[in-house]
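Chemist: Got protein30.txt for you, compact mmCIF, C-alpha atoms:
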# COMPACT_ATOMS: atom_id res chain seq x y z
CA MET A 1 0.00 0.00 0.00
CA GLY A 2 1.35 3.38 -1.00
CA GLU A 3 1.38 6.66 0.86
CA TYR A 4 -1.70 8.05 -0.85
CA CYS A 5 -3.85 4.89 -0.63
CA GLU A 6 -5.58 5.85 2.59
CA ARG A 7 -6.49 9.25 1.20
CA CYS A 8 -7.55 7.59 -2.03
CA GLU A 9 -10.03 5.47 -0.12
CA GLU A 10 -11.41 8.59 1.57
CA VAL A 11 -11.99 10.44 -1.70
CA MET A 12 -13.44 7.50 -3.61
CA GLN A 13 -17.08 8.52 -3.36
CA PRO A 14 -16.63 12.23 -4.13
CA PHE A 15 -14.26 11.21 -6.94
CA LEU A 16 -16.81 8.92 -8.57
CA ASP A 17 -19.55 11.51 -8.00
CA ARG A 18 -17.32 14.14 -9.64
CA GLN A 19 -17.42 16.32 -6.57
CA LEU A 20 -13.68 16.82 -6.04
CA THR A 21 -11.83 20.00 -6.90
CA SER A 22 -9.85 19.65 -10.13
CA GLU A 23 -6.63 19.61 -8.14
CA GLU A 24 -7.76 16.77 -5.90
CA GLN A 25 -9.21 14.97 -8.89
CA GLY A 26 -5.86 15.21 -10.66
CA THR A 27 -3.93 13.89 -7.68
CA ALA A 28 -6.28 10.93 -7.34
CA GLU A 29 -6.16 10.18 -11.07
CA ALA A 30 -2.37 10.21 -11.07
CA HIS A 31 -2.36 7.83 -8.13
CA LEU A 32 -4.95 5.52 -9.70
CA SER A 33 -2.93 5.24 -12.90
CA GLU A 34 -0.02 3.73 -11.02
CA CYS A 35 -1.65 1.98 -8.05
CA ALA A 36 -3.22 -1.38 -8.92
CA TYR A 37 -4.46 -1.74 -5.34
CA CYS A 38 -6.65 1.38 -5.44
CA ASN A 39 -7.50 0.98 -9.10
CA ALA A 40 -9.07 -2.45 -8.55
CA ARG A 41 -11.14 -1.07 -5.67
CA TYR A 42 -12.40 1.88 -7.71
CA THR A 43 -13.31 -0.43 -10.60
CA PHE A 44 -15.18 -2.63 -8.15
CA GLU A 45 -17.11 0.34 -6.72
CA ASN A 46 -18.22 1.39 -10.19
CA GLU A 47 -19.42 -2.10 -11.00
CA LEU A 48 -21.17 -2.33 -7.66
CA ARG A 49 -23.14 0.85 -8.32
CA VAL A 50 -24.33 -0.49 -11.66
CA LEU A 51 -25.26 -3.80 -10.05
CA VAL A 52 -27.22 -2.18 -7.21
CA LYS A 53 -29.20 -0.13 -9.69
CA LYS A 54 -29.92 -3.18 -11.82
CA ALA A 55 -30.97 -5.23 -8.79
CA CYS A 56 -33.57 -2.59 -7.93
CA ASN A 57 -35.03 -2.39 -11.40
CA GLU A 58 -38.34 -3.89 -10.40
CA GLU A 59 -41.25 -3.18 -12.70
CA MET A 60 -44.72 -2.47 -11.50
CA SER A 61 -47.54 -4.83 -12.34
CA PRO A 62 -49.78 -4.09 -15.33
CA GLU A 63 -52.71 -4.09 -12.88
CA LEU A 64 -51.23 -1.21 -10.93
CA LYS A 65 -50.49 0.66 -14.13
CA ALA A 66 -54.13 0.27 -15.20
CA LYS A 67 -55.33 1.39 -11.78
CA LEU A 68 -53.22 4.52 -11.95
CA ALA A 69 -54.62 5.41 -15.36
CA SER A 70 -58.14 4.95 -14.02
CA LEU A 71 -57.43 7.52 -11.31
CA LYS A 72 -57.24 10.28 -13.89
CA GLU A 73 -59.79 13.00 -13.27
CA THR A 74 -60.42 13.61 -16.94
CA GLN A 75 -61.67 10.60 -18.78
CA ALA A 76 -60.83 11.13 -22.40
CA MET B 1 -67.62 43.58 -24.22
CA SER B 2 -70.01 41.01 -22.86
CA GLU B 3 -69.54 39.05 -26.03
CA ALA B 4 -65.78 38.95 -25.53
CA THR B 5 -66.10 37.59 -21.99
CA SER B 6 -68.55 34.89 -22.87
CA ASP B 7 -66.31 33.99 -25.76
CA SER B 8 -63.02 33.78 -23.84
CA GLU B 9 -64.39 31.66 -21.03
CA PRO B 10 -64.92 28.47 -23.00
CA ARG B 11 -61.56 29.01 -24.64
CA GLN B 12 -59.95 29.24 -21.23
CA LEU B 13 -61.71 26.11 -20.10
CA ALA B 14 -60.53 24.27 -23.18
CA ALA B 15 -56.95 25.36 -22.55
CA GLU B 16 -57.18 24.19 -18.96
CA ALA B 17 -58.54 20.82 -20.05
CA ARG B 18 -55.67 20.41 -22.49
CA ASN B 19 -53.14 21.28 -19.78
CA ARG B 20 -54.70 18.77 -17.48
CA VAL B 21 -54.60 16.01 -20.06
CA ARG B 22 -50.95 16.80 -20.76
CA PHE B 23 -50.18 16.75 -17.06
CA GLU B 24 -51.88 13.38 -16.61
CA GLU B 25 -50.08 11.85 -19.55
CA GLU B 26 -46.72 13.09 -18.39
CA ALA B 27 -47.32 11.85 -14.85
CA LEU B 28 -48.37 8.40 -16.01
CA GLU B 29 -45.28 8.09 -18.19
CA LEU B 30 -43.20 8.52 -15.04
CA ALA B 31 -45.09 5.84 -13.11
CA ASP B 32 -42.50 3.09 -13.62
CA GLN B 33 -39.74 5.28 -12.27
CA VAL B 34 -41.85 6.44 -9.35
CA TYR B 35 -42.73 2.85 -8.49
CA ARG B 36 -39.10 1.71 -8.62
CA VAL B 37 -38.13 4.31 -6.05
CA ALA B 38 -41.22 3.64 -3.91
CA ARG B 39 -40.54 -0.08 -3.88
CA ARG B 40 -37.17 0.47 -2.17
CA LEU B 41 -38.43 3.08 0.27
CA VAL B 42 -40.95 0.73 1.86
CA SER B 43 -40.61 -2.88 2.82
CA SER B 44 -43.33 -4.68 0.89
CA ARG B 45 -44.66 -4.73 -2.62
CA GLU B 46 -48.22 -4.10 -1.40
CA GLU B 47 -47.15 -1.07 0.56
CA ALA B 48 -45.35 0.33 -2.46
CA GLU B 49 -48.40 -0.21 -4.67
CA ASP B 50 -50.71 1.52 -2.16
CA LEU B 51 -48.32 4.39 -1.80
CA VAL B 52 -47.99 4.91 -5.55
CA GLN B 53 -51.77 4.80 -5.97
CA GLU B 54 -52.28 7.35 -3.21
CA THR B 55 -49.59 9.51 -4.74
CA TYR B 56 -51.25 9.53 -8.15
CA ALA B 57 -54.69 10.14 -6.69
CA ARG B 58 -53.33 13.17 -4.88
CA ALA B 59 -51.29 14.34 -7.86
CA PHE B 60 -54.31 14.22 -10.17
CA ARG B 61 -56.37 16.14 -7.63
CA SER B 62 -53.82 18.87 -7.08
CA TRP B 63 -52.33 19.00 -10.56
CA GLN B 64 -52.68 22.77 -10.63
CA SER B 65 -50.07 23.19 -7.94
CA TYR B 66 -47.47 21.69 -10.29
CA THR B 67 -45.48 24.33 -12.17
CA PRO B 68 -45.10 23.27 -15.81
CA GLY B 69 -41.50 23.00 -16.91
CA THR B 70 -40.20 22.00 -13.49
CA ASN B 71 -39.12 18.49 -12.54
CA MET B 72 -42.34 16.48 -12.37
CA ARG B 73 -40.61 13.32 -11.20
CA ALA B 74 -39.24 15.19 -8.18
CA TRP B 75 -42.67 16.74 -7.60
CA LEU B 76 -44.32 13.30 -7.56
CA LEU B 77 -41.66 11.84 -5.27
CA ARG B 78 -42.12 14.74 -2.90
CA ILE B 79 -45.81 13.87 -2.60
CA LEU B 80 -44.90 10.22 -2.13
CA THR B 81 -42.35 10.75 0.61
CA ASN B 82 -44.74 13.08 2.46
CA LEU B 83 -47.52 10.51 2.24
CA ASN B 84 -45.12 7.87 3.47
CA ILE B 85 -44.36 9.96 6.54
CA ASP B 86 -48.06 10.72 7.09
CA ARG B 87 -48.78 7.02 7.03
CA GLY B 88 -46.84 6.71 10.21
CA ARG B 89 -43.37 5.95 9.12
CA LYS B 90 -41.45 7.46 11.96
CA GLN B 91 -38.67 9.76 10.94
CA GLN B 92 -35.76 7.76 12.21
CA ARG B 93 -33.24 9.72 14.05
CA THR B 94 -30.18 7.65 13.38
CA PRO B 95 -27.29 9.24 15.19
CA ASP B 96 -24.94 10.48 12.49
CA SER B 97 -22.09 10.52 14.94
CA GLN B 98 -22.07 6.79 15.53
CA PRO B 99 -18.66 5.68 14.31
CA LEU B 100 -18.50 3.45 11.27
CA GLU B 101 -15.24 1.63 11.28
CA GLU B 102 -15.45 0.23 7.80
CA GLY B 103 -14.10 2.44 5.04
CA ASP B 104 -14.95 2.29 1.36
CA TYR B 105 -12.51 -0.54 0.58
CA PHE B 106 -13.99 -2.77 3.23
CA LEU B 107 -16.34 -4.84 1.06
CA TYR B 108 -13.69 -5.38 -1.60
CA ASN B 109 -11.16 -6.54 0.96
CA ARG B 110 -13.67 -8.85 2.58
CA MET B 111 -14.69 -10.43 -0.72
CA GLU B 112 -11.10 -10.88 -1.81
CA GLN B 113 -10.38 -12.63 1.47
CA THR B 114 -13.33 -15.00 1.26
CA SER B 115 -13.06 -15.92 -2.42
CA GLY B 116 -9.31 -15.58 -2.93
CA THR B 117 -9.92 -13.86 -6.29
CA PRO B 118 -10.15 -10.15 -7.15
CA ALA B 119 -13.60 -8.97 -6.04
CA GLU B 120 -14.32 -7.20 -9.33
CA GLU B 121 -14.20 -10.50 -11.21
CA ARG B 122 -17.68 -11.82 -11.86
CA ILE B 123 -19.16 -9.49 -9.29
CA ASP B 124 -22.68 -10.27 -10.49
CA GLN B 125 -22.24 -13.92 -9.54
CA LYS B 126 -20.86 -13.08 -6.14
CA LEU B 127 -23.60 -10.60 -5.30
CA SER B 128 -27.05 -11.84 -6.27
CA GLN B 129 -30.03 -9.57 -6.77
CA ASP B 130 -31.56 -11.03 -3.64
CA THR B 131 -28.45 -10.29 -1.57
CA ILE B 132 -28.40 -6.69 -2.75
CA VAL B 133 -32.09 -6.09 -2.14
CA THR B 134 -31.94 -7.59 1.37
CA ALA B 135 -28.78 -5.67 2.24
CA LEU B 136 -30.35 -2.42 1.06
CA SER B 137 -33.45 -3.00 3.15
CA ALA B 138 -31.21 -3.38 6.20
CA VAL B 139 -29.84 0.16 5.77
CA PRO B 140 -31.61 2.59 8.18
CA HIS B 141 -34.31 4.73 6.50
CA ASP B 142 -32.57 8.09 6.69
CA PHE B 143 -29.62 6.73 4.75
CA ARG B 144 -31.56 4.42 2.49
CA ASP B 145 -33.89 7.20 1.27
CA VAL B 146 -30.92 9.12 -0.06
CA ILE B 147 -29.30 6.08 -1.69
CA VAL B 148 -32.58 5.14 -3.34
CA LEU B 149 -33.18 8.63 -4.71
CA VAL B 150 -29.64 9.33 -5.92
CA ASP B 151 -28.21 5.94 -6.86
CA ILE B 152 -31.36 4.20 -8.02
CA GLY B 153 -33.65 7.09 -8.96
CA ASP B 154 -30.89 9.18 -10.57
CA PHE B 155 -31.96 12.32 -8.76
CA SER B 156 -29.41 15.10 -8.30
CA TYR B 157 -28.29 16.01 -4.79
CA ALA B 158 -30.39 19.17 -5.08
CA ASP B 159 -33.54 17.29 -6.09
CA ALA B 160 -33.05 14.71 -3.35
CA ALA B 161 -32.64 17.56 -0.85
CA GLN B 162 -35.89 19.12 -2.02
CA ILE B 163 -37.81 15.85 -1.98
CA LEU B 164 -36.66 14.92 1.52
CA ASP B 165 -36.68 18.49 2.80
CA ILE B 166 -33.13 18.38 4.10
CA PRO B 167 -30.04 20.48 3.23
CA VAL B 168 -27.84 19.39 0.30
CA GLY B 169 -24.91 18.90 2.68
CA THR B 170 -26.99 16.39 4.63
CA VAL B 171 -27.84 14.57 1.41
CA MET B 172 -24.14 14.19 0.66
CA SER B 173 -23.10 13.07 4.12
CA ARG B 174 -25.98 10.58 4.36
CA LEU B 175 -25.23 9.28 0.90
CA HIS B 176 -21.56 8.68 1.69
CA ARG B 177 -22.33 7.08 4.99
CA GLY B 178 -25.29 5.14 3.62
CA ARG B 179 -23.22 3.59 0.84
CA ARG B 180 -20.70 2.46 3.43
CA ILE B 181 -23.43 0.97 5.58
CA LEU B 182 -24.77 -0.81 2.48
CA LYS B 183 -21.34 -2.26 1.79
CA ARG B 184 -21.06 -3.43 5.37
CA GLU B 185 -24.46 -5.13 5.05
CA LEU B 186 -23.32 -6.75 1.80
CA ALA B 187 -20.09 -7.92 3.40
CA GLU B 188 -22.06 -9.65 6.15
CA ARG B 189 -24.06 -11.50 3.54
CA VAL B 190 -21.32 -12.60 1.18
CA GLY B 191 -19.19 -13.98 3.98
CA ALA B 192 -22.01 -16.11 5.34
Can you dump the structure from the file as structure tokens?

Modeler:
Amino acid sequence: MGEYCERCEEVMQPFLDRQLTSEEQGTAEAHLSECAYCNARYTFENELRVLVKKACNEEMSPELKAKLASLKETQA
Amino acid sequence: MSEATSDSEPRQLAAEARNRVRFEEEALELADQVYRVARRLVSSREEAEDLVQETYARAFRSWQSYTPGTNMRAWLLRILTNLNIDRGRKQQRTPDSQPLEEGDYFLYNRMEQTSGTPAEERIDQKLSQDTIVTALSAVPHDFRDVIVLVDIGDFSYADAAQILDIPVGTVMSRLHRGRRILKRELAERVGA
């Protein structure tokens, strides 16, 4: 583990959310390009976010959809 | 003069009817997205369905309080979260100061330890949909609401702040902490 790794862990979320200042972003990017340890963990976090979103992609039933449409005040 | 008034009234009514139809169509198009968020805010499917129905009933009744051109999805979710609170969901006061020892690398490290392979390899096989959904439901409400809105609903920090009626800074801190809690919950389930 390198000197910056601990800091890199701390800034992971704001980094991925693009909330860091450009200077901090640059420092983290430089570190990530040469640190396999942190790079793997950032890659993992990205994949995890996609997976969480996919896992929660539950569709509503057609019955509910029909019910909602029937709630309209104007019946065309 | 009197002719002009009697003439403009039906025209106004027609315009209002058109606006209402447009509002209803737009709202219904967003129903899938509203449901997806609702489903993760409450614990059961039935509860989510009731909540979405109530939300739409209220939205259709008070459609005139919606300002055209603003974010309708956020407007609908605001109604939904308020209804959810009215229905007796207690606003959890989870102490923000409670220390969370696990950092953001914790889940990765844990998974690497248990499987002996890099955690990013075949992540979808290591973390099933069921595991993720159960882990998310174990995250305390205050934190989960923010994760659901931002990471699942794709709302901006500002929209999430408006929907939940909390400052943007609180959205960010709860989001960061909530994601860590989620990873801790996931770690408990992959190790088992």

Chemist: Just the number, please: distance in Å from atom CA of B:Thr131 to atom CA of A:Ser61, one decimal.

Modeler: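 Atom CA of A:Ser61 lies 22.6 Å from atom CA of B:Thr131.
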
Chemist: Could you state the separation of atom CA of A:Tyr37 and atom CA of B:Ala119 in Å, given to one decimal place?

Modeler: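 Computed distance, atom CA of A:Tyr37 to atom CA of B:Ala119, equals 11.7 Å.
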
Chemist: Nearest residue to A:Thr43 out of A:Cys56, A:Arg18, A:Glu23, A:Met12, using all atoms listed in the file?

Modeler: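 Of A:Cys56, A:Arg18, A:Glu23, A:Met12, the one nearest A:Thr43, counting all atoms listed in the file, is A:Met12.
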
Chemist: What does the distance between atom CA of A:Glu58 and atom CA of B:Gln33 come to in Å, to one decimal place?

Modeler: 9.5 Å

Chemist: Please build the interface table for chain B against chain A with a cut-off of 9 Å, listing for each qualifying residue the nearest atom pair and the distance in Å to one decimal; count only C-alpha atoms, order rows by chain and increasing number, and write it as a tab-separated table.

Modeler:
residue	atom	partner	partner_atom	distance
B:Ala17	CA	A:Thr74	CA	8.1
B:Arg20	CA	A:Thr74	CA	7.7
B:Val21	CA	A:Thr74	CA	7.0
B:Glu24	CA	A:Lys72	CA	6.8
B:Glu25	CA	A:Ala69	CA	8.9
B:Leu28	CA	A:Ala69	CA	7.0
B:Ala31	CA	A:Lys65	CA	7.6
B:Asp32	CA	A:Met60	CA	6.4
B:Gln33	CA	A:Glu59	CA	8.6
B:Tyr35	CA	A:Met60	CA	6.4
B:Arg36	CA	A:Glu58	CA	5.9
B:Val37	CA	A:Cys56	CA	8.5
B:Arg39	CA	A:Glu58	CA	7.9
B:Arg40	CA	A:Cys56	CA	7.4
B:Glu49	CA	A:Leu64	CA	6.9
B:Val52	CA	A:Leu68	CA	8.3
B:Gln53	CA	A:Leu68	CA	6.2
B:Tyr56	CA	A:Leu68	CA	6.6
B:Ala57	CA	A:Leu71	CA	6.0
B:Phe60	CA	A:Lys72	CA	6.2
B:Arg61	CA	A:Glu73	CA	7.3
B:Gly103	CA	A:Glu9	CA	7.2
B:Asp104	CA	A:Glu9	CA	6.0
B:Tyr105	CA	A:Arg41	CA	6.4
B:Tyr108	CA	A:Arg41	CA	6.5
B:Asn109	CA	A:Arg41	CA	8.6
B:Pro118	CA	A:Ala40	CA	7.9
B:Ala119	CA	A:Phe44	CA	6.9
B:Glu120	CA	A:Phe44	CA	4.8
B:Glu121	CA	A:Phe44	CA	8.5
B:Ile123	CA	A:Glu47	CA	7.6
B:Asp124	CA	A:Leu51	CA	7.0
B:Leu127	CA	A:Leu51	CA	8.5
B:Ser128	CA	A:Ala55	CA	8.1
B:Gln129	CA	A:Ala55	CA	4.9
B:Asp130	CA	A:Ala55	CA	7.8
B:Ile132	CA	A:Val52	CA	6.5
B:Val133	CA	A:Ala55	CA	6.8
B:Leu136	CA	A:Val52	CA	8.8
B:Val148	CA	A:Lys53	CA	8.9
B:Asp151	CA	A:Lys53	CA	6.8
B:Ile152	CA	A:Lys53	CA	5.1
B:Gly153	CA	A:Lys53	CA	8.5
B:His176	CA	A:Gln13	CA	6.8
B:Arg179	CA	A:Gln13	CA	8.9

Chemist: I'd like the contact shell of stretch 64-70 of chain B - 10 Å cut-off, only C-alpha atoms, skipping same-chain residues fewer than 3 positions apart - returned as a list in words.

Modeler: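 In the requested format, the answer is Glu16, Asn19, Arg20, Phe23, Ala59, Phe60, Arg61, Arg73, Ala74, Trp75 and Leu76 of chain B.
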
Chemist: Go through B:Asp165, B:Glu112, B:Asp154, B:Glu185 and flag the residue nearest B:Val139, using all atoms listed in the file for the distances.

Modeler: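 When distances to B:Val139 are compared using all atoms listed in the file, the smallest one comes from B:Glu185.
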
Chemist: Please enclose the listed atoms of stretch 33-44 of chain A in an axis-aligned box, pad each side by 4 Å, and write out the centre and the three edge lengths in Å, rounded to one decimal, as AutoDock Vina command-line options.

Modeler:
--center_x -7.6 --center_y 1.3 --center_z -9.1 --size_x 23.2 --size_y 15.9 --size_z 15.6

Chemist: Within 12 Å of B:Val171, counting all atoms listed in the file, which residues qualify if same-chain residues fewer than 5 places away don't, as a PDB file with C-alpha atoms, in the frame of the given file?

Modeler:
ATOM      1  CA  ASP B 142     -32.570   8.090   6.690  1.00  0.00           C
ATOM      2  CA  PHE B 143     -29.620   6.730   4.750  1.00  0.00           C
ATOM      3  CA  ARG B 144     -31.560   4.420   2.490  1.00  0.00           C
ATOM      4  CA  ASP B 145     -33.890   7.200   1.270  1.00  0.00           C
ATOM      5  CA  VAL B 146     -30.920   9.120  -0.060  1.00  0.00           C
ATOM      6  CA  ILE B 147     -29.300   6.080  -1.690  1.00  0.00           C
ATOM      7  CA  VAL B 148     -32.580   5.140  -3.340  1.00  0.00           C
ATOM      8  CA  LEU B 149     -33.180   8.630  -4.710  1.00  0.00           C
ATOM      9  CA  VAL B 150     -29.640   9.330  -5.920  1.00  0.00           C
ATOM     10  CA  ASP B 151     -28.210   5.940  -6.860  1.00  0.00           C
ATOM     11  CA  PHE B 155     -31.960  12.320  -8.760  1.00  0.00           C
ATOM     12  CA  SER B 156     -29.410  15.100  -8.300  1.00  0.00           C
ATOM     13  CA  TYR B 157     -28.290  16.010  -4.790  1.00  0.00           C
ATOM     14  CA  ALA B 158     -30.390  19.170  -5.080  1.00  0.00           C
ATOM     15  CA  ASP B 159     -33.540  17.290  -6.090  1.00  0.00           C
ATOM     16  CA  ALA B 160     -33.050  14.710  -3.350  1.00  0.00           C
ATOM     17  CA  ALA B 161     -32.640  17.560  -0.850  1.00  0.00           C
ATOM     18  CA  GLN B 162     -35.890  19.120  -2.020  1.00  0.00           C
ATOM     19  CA  ILE B 163     -37.810  15.850  -1.980  1.00  0.00           C
ATOM     20  CA  LEU B 164     -36.660  14.920   1.520  1.00  0.00           C
ATOM     21  CA  ASP B 165     -36.680  18.490   2.800  1.00  0.00           C
ATOM     22  CA  ILE B 166     -33.130  18.380   4.100  1.00  0.00           C
ATOM     23  CA  HIS B 176     -21.560   8.680   1.690  1.00  0.00           C
ATOM     24  CA  ARG B 177     -22.330   7.080   4.990  1.00  0.00           C
ATOM     25  CA  GLY B 178     -25.290   5.140   3.620  1.00  0.00           C
ATOM     26  CA  ARG B 179     -23.220   3.590   0.840  1.00  0.00           C
TER      27      ARG B 179
END
